[in-house]
Structures are given as C-alpha cells and as structure tokens.
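Have a look at start-v2.cif; it's mmCIF, C-alpha atoms, pLDDT in the B column; chains and numbers go by the auth columns:
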```
data_target
#
loop_
_atom_site.group_PDB
_atom_site.id
_atom_site.type_symbol
_atom_site.label_atom_id
_atom_site.label_comp_id
_atom_site.label_asym_id
_atom_site.label_seq_id
_atom_site.Cartn_x
_atom_site.Cartn_y
_atom_site.Cartn_z
_atom_site.B_iso_or_equiv
_atom_site.auth_seq_id
_atom_site.auth_asym_id
ATOM 1 C CA MET A 1 6.335 -12.778 21.201 79.00 1 V
ATOM 2 C CA SER A 2 5.168 -14.241 17.908 87.00 2 V
ATOM 3 C CA LEU A 3 2.991 -12.451 15.362 80.00 3 V
ATOM 4 C CA GLY A 4 -0.076 -14.482 16.346 84.00 4 V
ATOM 5 C CA GLN A 5 0.335 -13.668 20.031 89.00 5 V
ATOM 6 C CA TRP A 6 0.831 -9.987 19.214 83.00 6 V
ATOM 7 C CA LEU A 7 -2.347 -9.923 17.096 82.00 7 V
ATOM 8 C CA ASN A 8 -4.322 -11.598 19.892 85.00 8 V
ATOM 9 C CA THR A 9 -3.249 -8.906 22.367 88.00 9 V
ATOM 10 C CA LEU A 10 -4.620 -6.088 20.177 87.00 10 V
ATOM 11 C CA ASN A 11 -8.112 -4.728 20.766 90.00 11 V
ATOM 12 C CA GLY A 12 -10.679 -3.737 18.137 90.00 12 V
ATOM 13 C CA LEU A 13 -9.435 -0.152 17.827 91.00 13 V
ATOM 14 C CA ASP A 14 -5.893 -1.365 17.173 90.00 14 V
ATOM 15 C CA HIS A 15 -7.134 -3.738 14.467 91.00 15 V
ATOM 16 C CA GLY A 16 -9.101 -0.888 12.897 93.00 16 V
ATOM 17 C CA ILE A 17 -6.051 1.387 12.888 91.00 17 V
ATOM 18 C CA LEU A 18 -3.880 -1.277 11.249 92.00 18 V
ATOM 19 C CA PHE A 19 -6.595 -2.031 8.690 94.00 19 V
ATOM 20 C CA ALA A 20 -6.953 1.686 7.854 95.00 20 V
ATOM 21 C CA ILE A 21 -3.183 1.989 7.392 95.00 21 V
ATOM 22 C CA PHE A 22 -3.233 -1.028 5.054 95.00 22 V
ATOM 23 C CA ILE A 23 -6.116 0.453 3.025 97.00 23 V
ATOM 24 C CA MET A 24 -4.220 3.744 2.722 96.00 24 V
ATOM 25 C CA GLY A 25 -1.143 1.814 1.556 96.00 25 V
ATOM 26 C CA ILE A 26 -3.192 0.022 -1.114 97.00 26 V
ATOM 27 C CA TYR A 27 -4.675 3.318 -2.294 97.00 27 V
ATOM 28 C CA ILE A 28 -1.233 4.944 -2.533 97.00 28 V
ATOM 29 C CA SER A 29 0.083 1.921 -4.441 97.00 29 V
ATOM 30 C CA TYR A 30 -2.849 2.173 -6.866 96.00 30 V
ATOM 31 C CA ILE A 31 -2.071 5.848 -7.485 97.00 31 V
ATOM 32 C CA THR A 32 1.621 5.023 -7.967 96.00 32 V
ATOM 33 C CA LEU A 33 0.933 2.254 -10.468 95.00 33 V
ATOM 34 C CA GLU A 34 -1.556 4.389 -12.419 96.00 34 V
ATOM 35 C CA ALA A 35 0.992 7.213 -12.577 96.00 35 V
ATOM 36 C CA MET A 36 3.700 4.836 -13.801 94.00 36 V
ATOM 37 C CA ILE A 37 1.408 3.467 -16.531 93.00 37 V
ATOM 38 C CA GLU A 38 0.438 6.984 -17.597 93.00 38 V
ATOM 39 C CA TYR A 39 4.107 8.025 -17.648 94.00 39 V
ATOM 40 C CA TYR A 40 4.936 5.022 -19.857 92.00 40 V
ATOM 41 C CA ASN A 41 2.055 5.832 -22.214 90.00 41 V
ATOM 42 C CA ASN A 42 3.197 9.445 -22.489 92.00 42 V
ATOM 43 C CA LYS A 43 6.779 8.377 -23.195 90.00 43 V
ATOM 44 C CA LYS A 44 5.563 6.064 -25.965 87.00 44 V
ATOM 45 C CA ARG A 45 3.170 8.797 -27.222 85.00 45 V
ATOM 46 C CA HIS A 46 0.192 6.417 -26.976 82.00 46 V
ATOM 47 C CA ASN A 47 1.517 4.302 -29.830 83.00 47 V
ATOM 48 C CA LYS A 48 -0.903 1.506 -30.723 82.00 48 V
ATOM 49 C CA PHE A 49 1.996 -1.005 -30.723 82.00 49 V
ATOM 50 C CA ARG A 50 3.169 -0.212 -27.174 81.00 50 V
ATOM 51 C CA VAL A 51 2.941 -2.790 -24.402 83.00 51 V
ATOM 52 C CA GLN A 52 -0.391 -2.495 -22.586 85.00 52 V
ATOM 53 C CA PHE A 53 0.314 -2.655 -18.848 85.00 53 V
ATOM 54 C CA ARG A 54 -2.372 -3.345 -16.264 89.00 54 V
ATOM 55 C CA ILE A 55 -2.519 -3.419 -12.498 90.00 55 V
ATOM 56 C CA THR A 56 -2.583 -6.957 -11.122 92.00 56 V
ATOM 57 C CA PRO A 57 -3.688 -7.802 -7.582 94.00 57 V
ATOM 58 C CA ALA A 58 -0.307 -9.290 -6.648 94.00 58 V
ATOM 59 C CA VAL A 59 1.586 -6.123 -7.545 94.00 59 V
ATOM 60 C CA LEU A 60 -1.063 -3.900 -5.963 94.00 60 V
ATOM 61 C CA LEU A 61 -1.054 -5.793 -2.649 95.00 61 V
ATOM 62 C CA THR A 62 2.731 -6.175 -2.524 95.00 62 V
ATOM 63 C CA LEU A 63 3.334 -2.486 -3.102 95.00 63 V
ATOM 64 C CA GLY A 64 0.463 -1.691 -0.720 96.00 64 V
ATOM 65 C CA PHE A 65 2.090 -3.802 1.989 95.00 65 V
ATOM 66 C CA ILE A 66 5.399 -1.962 1.533 96.00 66 V
ATOM 67 C CA TYR A 67 3.644 1.410 1.677 96.00 67 V
ATOM 68 C CA SER A 68 1.679 0.348 4.754 96.00 68 V
ATOM 69 C CA LEU A 69 4.897 -0.650 6.529 94.00 69 V
ATOM 70 C CA LEU A 70 6.363 2.767 5.764 95.00 70 V
ATOM 71 C CA LEU A 71 3.177 4.538 6.882 94.00 71 V
ATOM 72 C CA HIS A 72 3.077 2.496 10.083 93.00 72 V
ATOM 73 C CA GLN A 73 6.671 3.389 10.943 94.00 73 V
ATOM 74 C CA ILE A 74 6.089 7.088 10.258 94.00 74 V
ATOM 75 C CA LEU A 75 2.807 7.254 12.182 92.00 75 V
ATOM 76 C CA LYS A 76 4.208 5.197 15.068 91.00 76 V
ATOM 77 C CA ALA A 77 7.010 7.734 15.484 93.00 77 V
ATOM 78 C CA MET A 78 4.526 10.617 15.451 93.00 78 V
ATOM 79 C CA PHE A 79 1.665 9.276 17.584 87.00 79 V
ATOM 80 C CA ASP A 80 1.595 7.165 20.758 86.00 80 V
ATOM 81 C CA PHE A 81 -1.712 5.401 20.068 83.00 81 V
ATOM 82 C CA ILE A 82 -0.483 3.523 16.971 83.00 82 V
ATOM 83 C CA PRO A 83 -0.003 -0.169 17.920 82.00 83 V
#
```

This structure in structure tokens:
Amino acid sequence: MSLGQWLNTLNGLDHGILFAIFIMGIYISYITLEAMIEYYNNKKRHNKFRVQFRITPAVLLTLGFIYSLLLHQILKAMFDFIP
C-alpha cells in the first residue's frame, strides 16, 4: 500500500491525531532549538561578537518531523487507536 492509499483510508479522527502529533513535534523542536541557542549564548557569555543564531522554518520543520516520528512510534506502542 502506498502512502497516498494509506492516507485515503484514514478517517477524520485519524487525520486529527496525526496532525496533533505533528504539532507537538514542532513545539518540542522549537523548545529544543531555543534551549540550544540559549546554551550557546551562555557559553559565549552574551558576547556582542558571538554568532547570532535564529530558528529557520526548514530546521524547525525537519526537527519537528523527526520528533513527530518518534512520538508516533511511542504512542502507537502504548495505545491501540493511533493510526
């Protein structure tokens, strides 16, 4: 079964669950990136000549996708209703 066929077999609740897992993954990735930037700033003692990092959408979504895959695998092992 291809990905498109699998997505067509899901109902609205399944789509909502997958979307919620993806949103949680994006939120966790945002927290992770903010913590890494703060850690870097503390290590450099907020020097005005340090490299100013920012969160870009590509990094946020990529890390969010990885986190959502991990969350999906964990929740799928715990609960039967996860698609």

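Atom CA of V:Ile28 is found 24.5 Å from atom CA of V:His46.
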
Query - Test item: residues at most 10 Å from V:His72, all atoms listed in the file, excluding those fewer than 3 positions along its chain, as number ranges by chain - result: V: 17-18, 21-22, 25, 66-69, 75-78, 82-83

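Considering all atoms listed in the file, the residue among V:Thr9, V:Gly16, V:Lys48, V:Tyr30 positioned nearest to V:Leu60 is V:Tyr30.
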
With the file shown as input, list the residues that the PyMOL selection byres ((chain V and resi 53) around 12) selects, as an mmCIF file with C-alpha atoms, in the coordinates of the input.
```
data_model
loop_
_atom_site.group_PDB
_atom_site.id
_atom_site.type_symbol
_atom_site.label_atom_id
_atom_site.label_comp_id
_atom_site.auth_asym_id
_atom_site.auth_seq_id
_atom_site.Cartn_x
_atom_site.Cartn_y
_atom_site.Cartn_z
ATOM 1 C CA LEU V 33 0.933 2.254 -10.468
ATOM 2 C CA GLU V 34 -1.556 4.389 -12.419
ATOM 3 C CA ALA V 35 0.992 7.213 -12.577
ATOM 4 C CA MET V 36 3.700 4.836 -13.801
ATOM 5 C CA ILE V 37 1.408 3.467 -16.531
ATOM 6 C CA GLU V 38 0.438 6.984 -17.597
ATOM 7 C CA TYR V 39 4.107 8.025 -17.648
ATOM 8 C CA TYR V 40 4.936 5.022 -19.857
ATOM 9 C CA ASN V 41 2.055 5.832 -22.214
ATOM 10 C CA ARG V 50 3.169 -0.212 -27.174
ATOM 11 C CA VAL V 51 2.941 -2.790 -24.402
ATOM 12 C CA GLN V 52 -0.391 -2.495 -22.586
ATOM 13 C CA ARG V 54 -2.372 -3.345 -16.264
ATOM 14 C CA ILE V 55 -2.519 -3.419 -12.498
ATOM 15 C CA THR V 56 -2.583 -6.957 -11.122
ATOM 16 C CA VAL V 59 1.586 -6.123 -7.545
#
```

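Here atom CA of V:Leu7 and atom CA of V:Tyr27 stand 23.6 Å from one another.
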
Report task. Measure the distance from atom CA of V:Ile23 to atom CA of V:Leu10 in Å and round it to one decimal. Result -> 18.4 Å

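Ranking V:Ala58, V:Asn47, V:Leu71, V:Trp6 by their shortest atom-to-atom distance to V:Ala20, with all atoms listed in the file included, puts V:Leu71 first.
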
Can you fill out stretch 12-30 of chain V with N, CA and C atoms and hand it back as a PDB file, in the coordinates of the input?
```pdb
ATOM      1  N   GLY V  12      -9.992  -4.068  19.378  1.00 90.00           N
ATOM      2  CA  GLY V  12     -10.679  -3.737  18.137  1.00 90.00           C
ATOM      3  C   GLY V  12     -10.203  -2.435  17.507  1.00 90.00           C
ATOM      4  N   LEU V  13      -9.916  -1.432  18.341  1.00 91.00           N
ATOM      5  CA  LEU V  13      -9.435  -0.152  17.827  1.00 91.00           C
ATOM      6  C   LEU V  13      -8.076  -0.319  17.151  1.00 91.00           C
ATOM      7  N   ASP V  14      -7.207  -1.118  17.764  1.00 90.00           N
ATOM      8  CA  ASP V  14      -5.893  -1.365  17.173  1.00 90.00           C
ATOM      9  C   ASP V  14      -6.013  -2.073  15.827  1.00 90.00           C
ATOM     10  N   HIS V  15      -6.907  -3.047  15.744  1.00 91.00           N
ATOM     11  CA  HIS V  15      -7.134  -3.738  14.467  1.00 91.00           C
ATOM     12  C   HIS V  15      -7.670  -2.766  13.421  1.00 91.00           C
ATOM     13  N   GLY V  16      -8.558  -1.881  13.821  1.00 93.00           N
ATOM     14  CA  GLY V  16      -9.101  -0.888  12.897  1.00 93.00           C
ATOM     15  C   GLY V  16      -8.035   0.065  12.385  1.00 93.00           C
ATOM     16  N   ILE V  17      -7.134   0.491  13.280  1.00 91.00           N
ATOM     17  CA  ILE V  17      -6.051   1.387  12.888  1.00 91.00           C
ATOM     18  C   ILE V  17      -5.129   0.700  11.885  1.00 91.00           C
ATOM     19  N   LEU V  18      -4.757  -0.543  12.170  1.00 92.00           N
ATOM     20  CA  LEU V  18      -3.880  -1.277  11.249  1.00 92.00           C
ATOM     21  C   LEU V  18      -4.559  -1.528   9.908  1.00 92.00           C
ATOM     22  N   PHE V  19      -5.859  -1.820   9.933  1.00 94.00           N
ATOM     23  CA  PHE V  19      -6.595  -2.031   8.690  1.00 94.00           C
ATOM     24  C   PHE V  19      -6.670  -0.739   7.876  1.00 94.00           C
ATOM     25  N   ALA V  20      -6.892   0.391   8.546  1.00 95.00           N
ATOM     26  CA  ALA V  20      -6.953   1.686   7.854  1.00 95.00           C
ATOM     27  C   ALA V  20      -5.604   2.035   7.237  1.00 95.00           C
ATOM     28  N   ILE V  21      -4.518   1.741   7.939  1.00 95.00           N
ATOM     29  CA  ILE V  21      -3.183   1.989   7.392  1.00 95.00           C
ATOM     30  C   ILE V  21      -2.951   1.122   6.164  1.00 95.00           C
ATOM     31  N   PHE V  22      -3.397  -0.136   6.201  1.00 95.00           N
ATOM     32  CA  PHE V  22      -3.233  -1.028   5.054  1.00 95.00           C
ATOM     33  C   PHE V  22      -4.059  -0.542   3.859  1.00 95.00           C
ATOM     34  N   ILE V  23      -5.275  -0.074   4.102  1.00 97.00           N
ATOM     35  CA  ILE V  23      -6.116   0.453   3.025  1.00 97.00           C
ATOM     36  C   ILE V  23      -5.474   1.697   2.416  1.00 97.00           C
ATOM     37  N   MET V  24      -4.911   2.566   3.248  1.00 96.00           N
ATOM     38  CA  MET V  24      -4.220   3.744   2.722  1.00 96.00           C
ATOM     39  C   MET V  24      -3.015   3.337   1.885  1.00 96.00           C
ATOM     40  N   GLY V  25      -2.290   2.311   2.321  1.00 96.00           N
ATOM     41  CA  GLY V  25      -1.143   1.814   1.556  1.00 96.00           C
ATOM     42  C   GLY V  25      -1.561   1.263   0.205  1.00 96.00           C
ATOM     43  N   ILE V  26      -2.686   0.544   0.158  1.00 97.00           N
ATOM     44  CA  ILE V  26      -3.192   0.022  -1.114  1.00 97.00           C
ATOM     45  C   ILE V  26      -3.608   1.166  -2.031  1.00 97.00           C
ATOM     46  N   TYR V  27      -4.248   2.174  -1.483  1.00 97.00           N
ATOM     47  CA  TYR V  27      -4.675   3.318  -2.294  1.00 97.00           C
ATOM     48  C   TYR V  27      -3.465   4.065  -2.874  1.00 97.00           C
ATOM     49  N   ILE V  28      -2.442   4.270  -2.054  1.00 97.00           N
ATOM     50  CA  ILE V  28      -1.233   4.944  -2.533  1.00 97.00           C
ATOM     51  C   ILE V  28      -0.539   4.093  -3.595  1.00 97.00           C
ATOM     52  N   SER V  29      -0.536   2.778  -3.424  1.00 97.00           N
ATOM     53  CA  SER V  29       0.083   1.921  -4.441  1.00 97.00           C
ATOM     54  C   SER V  29      -0.703   1.965  -5.744  1.00 97.00           C
ATOM     55  N   TYR V  30      -2.028   2.051  -5.664  1.00 96.00           N
ATOM     56  CA  TYR V  30      -2.849   2.173  -6.866  1.00 96.00           C
ATOM     57  C   TYR V  30      -2.525   3.466  -7.608  1.00 96.00           C
TER      58      TYR V  30
END
```
